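K.L.:
First, the structure itself, so that you have it in front of you.
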Amino acid sequence: MTRILIRGALRAGDGVRTDLAVEDGVVTATGALAASPGDRVIDADGLIALRGFVDLHTHLREPGGEGAETVLTGSRAAAAGGYTTVHAMPNTDPVADTAGVVEQVAALGRAAGYVDVRPIGAVSKGREGRELAELVTMARSRARVTIFSDDGSCVADPLLMRRALEYARIVGGVIAQHAEEPRLTRGAQLHEGAVSAELGLAGWPAVAEEAIIARDVLLAEAAGARLHVCHVSTAGSVELIRWAKARGVRVTAEVTPHHLLLTDEAARGYDPRFKVNPPLRAAEDVAALRAGLADGTLDVVATDHAPHPAEAKRSEWQAAANGMVGLETAASVVQAAMVETGLLGWAEVERVMASAPAVIGSLPDRGPLVDGARADLVLLDPAASRVLSTADLAGRSTNSPYLGRTLPGRVVAVLHEGRPTVLDGVLRDAAEVAGGTA
Amino acid sequence: MSEHLLSTRGLGRDAAVALLDIAEDMADTQQRQVKKLPTLRGTTVVNLFFEDSTRTRISFEAAAKRLSADVITFSAKGSSVSKGESLQDTAQTLQAMGADGIVIRHQASGAAEVLASSGWTRAGIVNAGDGTHEHPTQALLDAFTIRKRLHGAASRGRDLDGVAVVIVGDVLHSRVARSNVWLLTALGAAVRLVGPPTLLPGAVGGWPVTAGIDLDEAIDAGPDVVMMLRVQRERMTEAFFPSAREYAALYGLSSARAARLPERSLVMHPGPMNRGLEIAGEVADSPRSTVLEQVENGIAVRMAVLYDVLAGRRGAA
């Protein structure tokens with residue numbers, strides 16, 4: 001494999017300007033390096049080098065939803081956004097609740113080659129919230145599942161949630177909860193507040209999320225088990241998690257890029273691109289989520305990348321599907337919401353988008369970009385700016401809330417295990433990536 | 001001239017008064033022996049009703065016909081999704097058939113606005129009720145009725161400055177209440193919303209109204225208008241209130257409550273009424289009740305709206 005020499009990147013982790021040599025999937029040298037004949041040189045002057053992003057919350061839709069996304073197209077969207085690992089949610093058809101399905105998804109990911117695809121297993125059989133799925137069998141399968149979630153649905157039954165938390169301890173797994181009390185959100189369309197009241201859309205009250213988080217942190221504490229809270233969206237949830245962490249509960253939490261940037265005001269006009277679950281919240285919630293991410297209460301940014309075919313979003317609000325694509329834009333949105341507001345530096349961006357999610361996903365080999373490190377890395381140009389268009393979206397679906405909006409930053413290059421998936425800002429062909437030719 | 005009528009939110013005082021004045025002109029023509037005007041001859045108006053509402057549909061139908069428009073009624077009852085035909089397909093079909101105006105009633109909030117902004121049709125859109133969002137022609141006919149009772153033949157040019165209106169009942173699910181809040185306050189009225197806490201949106205604090213849970217207190221304040229909202233009995237199964245009896249006791253306009261109102265106070269109801277639940281039968285039939293005037297005025301108001309949206313569009317005479 002050709003050696004890749006990255007020249008003059010600002011390494012986010014320690015703020016040091018360095019060259020990076022990459023060979024055979026590994027960072028082989030750093031510091032001031034001389035080019036050798038045959039090196040593929042990437043000029044990284046003005047660029048920031050970060051560890052490849054790790055997404056804890058991706059909907060790849062395969063099997064069953066190939067009209068919206070496949071493992072391949074979703075992997076392409078991920079690479080375009082600077083990701084080198086994604087965790088695929090199990091709400092597919094069939095549900096990823098057996099070793100067979102999770103192994104299939106992982107194998108499709110390996111074949112595509114753009115990113116590591118790490119399947120998340122369902123907590124309950126069929127995601128029906130009644131009986132536990134075979135968590136240990138999935139964990140010990142070739143897919144090596146470490147995270148379990150019924151995402152899209154809440155594990156609402158407190159008994160099942162308790163048992164899942166306890167049982168996942170056998171494999172050191174974590175239960176990732178979609179916190180939504182279903183009886184409080186029946187028919188809900190938008191954050192319950194001023195905008196939903198005016199638009200006549202059934203409200204999704206903050207308490208429906210907070211009540212589940214309050215219950216679950218106590219269950220996790222009692223079980224001595226690990227809990228991860230998906231897509232935290234309210235100020236009250238941030239407070240509860242802060243309280244739980246102070247008590248020593250083993251809880252981690254994620255926030256999506258869209259909940260860091262957009263508010264329920266975007267629903268005026270009833271454009272279903274802004275329909276998502278949990279819904280876009282009020283400005284006070286956005287401020288609390290940003291503060292929570294900045295102080296570490298919220299551990300990671302996770303995309304909740306949720307592709308949908310055009311017709312699922314081309315309708316009246318009530319009939320439209322929930323969800324937004326987010327992989328391609330996550331870094332830009334985090335830059336706009338957190339970096340340009342002075343709340344996070346690039347070292348912390350690396351923490352919330354790469355290192356902390358790798359820890360939650362039990363991926364010990366995703367270390368700092370030093371000699372000998374696995375060469376999963378992204379080069380960002382923070383000075384760039386773009387008006388987002390469908391040409392910037394690399395997945396199969398285009399349900400992005402940011403189309404037509406100016407976003408800062410740009411992904412210039414991405415290496416996945418040393419193999420370029422993005423070069424000069426251009427996603428590489430599937431055949432080149434899958435073929436493994438650098 | 002307006003492109004569409006989607007809501008009363010954002011309709012300013014002057015525009016509202018102008019619409020009500022056109023409705024006065026239309027009402028005058030309805031006193032003639034020949035009620036039909038040639039105004040919209042050659043124009044096709046489609047009544048697109050995804051939800052049953054015989055009253056609203058025939059009111060719009062009568063209004064369009066009296067303006068000489070061709071009227072097509074398209075009843076697509078049930079959800080568009082369960083029917084397997086999307087709002088987009090329906091709208092594009094109507095566009096292809098040459099609809100100049102679409103009067104839409106839909107169970108989804110925002111359906112009229114989506115239709116107007118979608119590019120699926122070039123027709124002028126009139127919102128005839130969208131989910132729990134708005135029902136702007138109902139609010140206009142309510143305002144028209146109040147103005148007519150207060151000022152009679154001298155109504156033209158007048159607003160509702162200082163008129164005290166109490167709206168009672170299921171505000172949470174009421175498109176009539178929302179449209180009236182924006183329109184009546186734009187016209188200068190002081191609006192108070194009254195209902196059980198379960199049926200008042202928590203966020204009414206941001207609306208230009210006052211809100212409360214005590215109907216008796218609101219009655220004793222001597223309002224000029226008491227507007228009763230229809231209560232759906234299904235709400236009981238969703239724990240919004242325990243029984244019809246308790247609801248009627250707390251929030252029904254009984255004869256005893258009506259008797260405490262000043263002589264001048266009007267009692268309104270958008271229909272259809274649940275007699276004995278939100279309003280006592282004898283109150284509904286009393287001289288202070290405007291229920292039938294509201295129905296009658298609805299035609300003149302809808303004529304005014306169709307004229308405002310459609311006259312001047314391609315196809316109009």
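Within each chain, counting starts at residue 1; across the structure tokens, chains are named A, B, ... in the order shown, with ligands numbered 1 upward in that order.
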Which neighbours of Ser36 (chain A) fall inside 12 Å, counting only C-alpha atoms, when residues of the same chain fewer than 2 positions from it are skipped, and could you give them as number ranges by chain?
P.N.:
A: 2-5, 21, 33-34, 38-41
K.L.:
Considering only C-alpha atoms, give me a table of residues in region 175-228 of chain B that are at most 10 Å from region 285-303 of chain B, with the closest atom pair and distance in Å for each, as CSV.
P.N.:
```
residue,atom,partner,partner_atom,distance
B:Val225,CA,B:Arg288,CA,9.6
B:Val226,CA,B:Ser289,CA,9.5
B:Met227,CA,B:Ser289,CA,9.8
```
K.L.:
Would you kindly report the residues of chain B within 10 Å of chain A, using only C-alpha atoms, as an MDAnalysis selection string?
P.N.:
chainID B and resid 9 79:81 86:89 106:115 117:118 130:134 171:175 178:179 200:207
K.L.:
Taking 4 positions as the minimum chain separation for residues in the same chain, which residues sit within 12 Å of region 10-15 of chain B when counting only C-alpha atoms? Answer as a VMD selection string.
P.N.:
chain B and resid 1 to 2 4 to 6 19 to 22 136 139 to 140 143 156 to 161 179 to 189 305 308
K.L.:
If we count only C-alpha atoms, what is near region 373-378 of chain A at a cut-off of 6 Å, once residues fewer than 2 positions away on the same chain are taken out, given as a list in words?
P.N.:
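Final neighbour list, sorted by chain and number: Gly25, Val26, Val27, Ala49, Leu50, Arg51, Gly52, Gly82, Leu369, Val370, Asp371, Ala413, Val414, Leu415, His416, Glu417 and Gly418 of chain A.
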K.L.:
Limited to C-alpha atoms, could you put the picked residues into a file as a short mmCIF file (atom, residue, chain, number, x, y, z; two decimals), in the first residue's frame?
P.N.:
```cif
data_model
loop_
_atom_site.label_atom_id
_atom_site.label_comp_id
_atom_site.auth_asym_id
_atom_site.auth_seq_id
_atom_site.Cartn_x
_atom_site.Cartn_y
_atom_site.Cartn_z
CA GLY A 25 -3.72 1.15 8.27
CA VAL A 26 -1.56 2.66 10.97
CA VAL A 27 -0.06 6.04 11.76
CA ALA A 49 -6.74 16.49 11.94
CA LEU A 50 -9.19 14.68 14.19
CA ARG A 51 -9.72 11.04 14.99
CA GLY A 52 -12.28 9.55 12.66
CA GLY A 82 -15.89 12.40 8.43
CA LEU A 369 -3.36 10.23 16.48
CA VAL A 370 0.16 9.30 17.56
CA ASP A 371 2.71 6.82 16.25
CA ALA A 413 -10.10 14.00 3.57
CA VAL A 414 -10.98 10.90 5.53
CA LEU A 415 -8.89 7.80 6.13
CA HIS A 416 -10.54 4.62 7.33
CA GLU A 417 -7.91 2.17 8.58
CA GLY A 418 -5.45 4.11 6.47
#
```
K.L.:
Extract, using only C-alpha atoms, all DNA, RNA and protein residues at most 8 Å from Asp220 (chain B), discarding same-chain residues fewer than 4 positions from it, and format them as number ranges by chain.
P.N.:
B: 216, 260-261
K.L.:
Could the residues in this selection be written to a file with N, CA and C atoms, as a PDB file, in the first residue's frame?
P.N.:
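Now in out-v9.pdb:
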```
ATOM      1  N   ASP B 216     -67.957  30.719  35.865  1.00  0.00           N
ATOM      2  CA  ASP B 216     -68.840  31.635  36.594  1.00  0.00           C
ATOM      3  C   ASP B 216     -68.210  33.017  36.752  1.00  0.00           C
ATOM      4  N   ARG B 260     -77.635  35.228  34.308  1.00  0.00           N
ATOM      5  CA  ARG B 260     -76.765  36.189  35.013  1.00  0.00           C
ATOM      6  C   ARG B 260     -76.030  37.122  34.056  1.00  0.00           C
ATOM      7  N   LEU B 261     -76.134  36.836  32.771  1.00  0.00           N
ATOM      8  CA  LEU B 261     -75.453  37.696  31.788  1.00  0.00           C
ATOM      9  C   LEU B 261     -76.227  38.998  31.614  1.00  0.00           C
TER      10      LEU B 261
END
```
K.L.:
Extract the full set of helix (DSSP H, G or I) residues from region 107-156 of chain B according to DSSP on the backbone, and format it as a list in words.
P.N.:
Ala111, Ala112, Glu113, Val114, Leu115, Ala116, Ser117, Pro136, Thr137, Gln138, Ala139, Leu140, Leu141, Asp142, Ala143, Phe144, Thr145, Ile146, Arg147, Lys148, Arg149, Leu150, His151, Gly152, Ala153 and Ala154 of chain B
K.L.:
Just write the chosen residues, N, CA and C atoms, as a JSON list (two decimals), in the first residue's frame.
P.N.:
```
[["chain", "number", "residue", "atom", "x", "y", "z"],
["B", 111, "ALA", "N", -52.60, 21.35, 6.59],
["B", 111, "ALA", "CA", -52.80, 20.79, 5.25],
["B", 111, "ALA", "C", -53.04, 21.89, 4.21],
["B", 112, "ALA", "N", -53.81, 22.91, 4.57],
["B", 112, "ALA", "CA", -54.08, 23.99, 3.62],
["B", 112, "ALA", "C", -52.80, 24.74, 3.28],
["B", 113, "GLU", "N", -51.97, 24.97, 4.29],
["B", 113, "GLU", "CA", -50.72, 25.70, 4.05],
["B", 113, "GLU", "C", -49.76, 24.87, 3.20],
["B", 114, "VAL", "N", -49.71, 23.58, 3.46],
["B", 114, "VAL", "CA", -48.86, 22.70, 2.66],
["B", 114, "VAL", "C", -49.31, 22.72, 1.20],
["B", 115, "LEU", "N", -50.62, 22.67, 1.01],
["B", 115, "LEU", "CA", -51.18, 22.71, -0.35],
["B", 115, "LEU", "C", -50.81, 24.02, -1.06],
["B", 116, "ALA", "N", -50.90, 25.12, -0.32],
["B", 116, "ALA", "CA", -50.64, 26.43, -0.92],
["B", 116, "ALA", "C", -49.17, 26.63, -1.26],
["B", 117, "SER", "N", -48.28, 26.02, -0.47],
["B", 117, "SER", "CA", -46.85, 26.28, -0.67],
["B", 117, "SER", "C", -46.16, 25.16, -1.44],
["B", 136, "PRO", "N", -60.56, 29.68, 9.43],
["B", 136, "PRO", "CA", -60.65, 31.14, 9.32],
["B", 136, "PRO", "C", -62.02, 31.67, 8.89],
["B", 137, "THR", "N", -62.74, 30.96, 8.01],
["B", 137, "THR", "CA", -64.04, 31.53, 7.60],
["B", 137, "THR", "C", -65.04, 31.47, 8.75],
["B", 138, "GLN", "N", -64.88, 30.51, 9.66],
["B", 138, "GLN", "CA", -65.76, 30.47, 10.83],
["B", 138, "GLN", "C", -65.52, 31.71, 11.69],
["B", 139, "ALA", "N", -64.26, 32.06, 11.89],
["B", 139, "ALA", "CA", -63.95, 33.24, 12.71],
["B", 139, "ALA", "C", -64.47, 34.50, 12.03],
["B", 140, "LEU", "N", -64.33, 34.56, 10.71],
["B", 140, "LEU", "CA", -64.82, 35.75, 9.99],
["B", 140, "LEU", "C", -66.33, 35.87, 10.13],
["B", 141, "LEU", "N", -67.03, 34.74, 10.04],
["B", 141, "LEU", "CA", -68.49, 34.84, 10.15],
["B", 141, "LEU", "C", -68.89, 35.15, 11.59],
["B", 142, "ASP", "N", -68.09, 34.70, 12.55],
["B", 142, "ASP", "CA", -68.37, 35.06, 13.93],
["B", 142, "ASP", "C", -68.18, 36.56, 14.14],
["B", 143, "ALA", "N", -67.08, 37.08, 13.62],
["B", 143, "ALA", "CA", -66.82, 38.52, 13.76],
["B", 143, "ALA", "C", -67.90, 39.33, 13.05],
["B", 144, "PHE", "N", -68.29, 38.84, 11.88],
["B", 144, "PHE", "CA", -69.34, 39.52, 11.11],
["B", 144, "PHE", "C", -70.63, 39.56, 11.92],
["B", 145, "THR", "N", -70.95, 38.43, 12.54],
["B", 145, "THR", "CA", -72.20, 38.32, 13.31],
["B", 145, "THR", "C", -72.18, 39.25, 14.52],
["B", 146, "ILE", "N", -71.04, 39.29, 15.22],
["B", 146, "ILE", "CA", -70.93, 40.18, 16.38],
["B", 146, "ILE", "C", -71.11, 41.63, 15.93],
["B", 147, "ARG", "N", -70.41, 42.00, 14.86],
["B", 147, "ARG", "CA", -70.45, 43.37, 14.38],
["B", 147, "ARG", "C", -71.87, 43.76, 13.97],
["B", 148, "LYS", "N", -72.53, 42.83, 13.32],
["B", 148, "LYS", "CA", -73.88, 43.10, 12.84],
["B", 148, "LYS", "C", -74.83, 43.32, 14.02],
["B", 149, "ARG", "N", -74.69, 42.48, 15.05],
["B", 149, "ARG", "CA", -75.56, 42.65, 16.22],
["B", 149, "ARG", "C", -75.28, 43.97, 16.94],
["B", 150, "LEU", "N", -74.01, 44.35, 16.97],
["B", 150, "LEU", "CA", -73.65, 45.56, 17.71],
["B", 150, "LEU", "C", -74.00, 46.82, 16.94],
["B", 151, "HIS", "N", -73.77, 46.79, 15.62],
["B", 151, "HIS", "CA", -73.86, 48.04, 14.86],
["B", 151, "HIS", "C", -74.91, 48.02, 13.77],
["B", 152, "GLY", "N", -75.55, 46.89, 13.53],
["B", 152, "GLY", "CA", -76.63, 46.82, 12.54],
["B", 152, "GLY", "C", -76.23, 47.36, 11.19],
["B", 153, "ALA", "N", -77.04, 48.22, 10.63],
["B", 153, "ALA", "CA", -76.82, 48.74, 9.29],
["B", 153, "ALA", "C", -75.58, 49.63, 9.23],
["B", 154, "ALA", "N", -75.10, 50.06, 10.40],
["B", 154, "ALA", "CA", -73.92, 50.95, 10.42],
["B", 154, "ALA", "C", -72.63, 50.17, 10.63]]
```
K.L.:
Write out as a PyMOL selection string each polymer residue whose atoms come within 9 Å of region 389-394 of chain A, counting only C-alpha atoms; drop sequence neighbours fewer than 6 positions from it.
P.N.:
chain A and resi 73-81+325+327-329+400+402-405+427
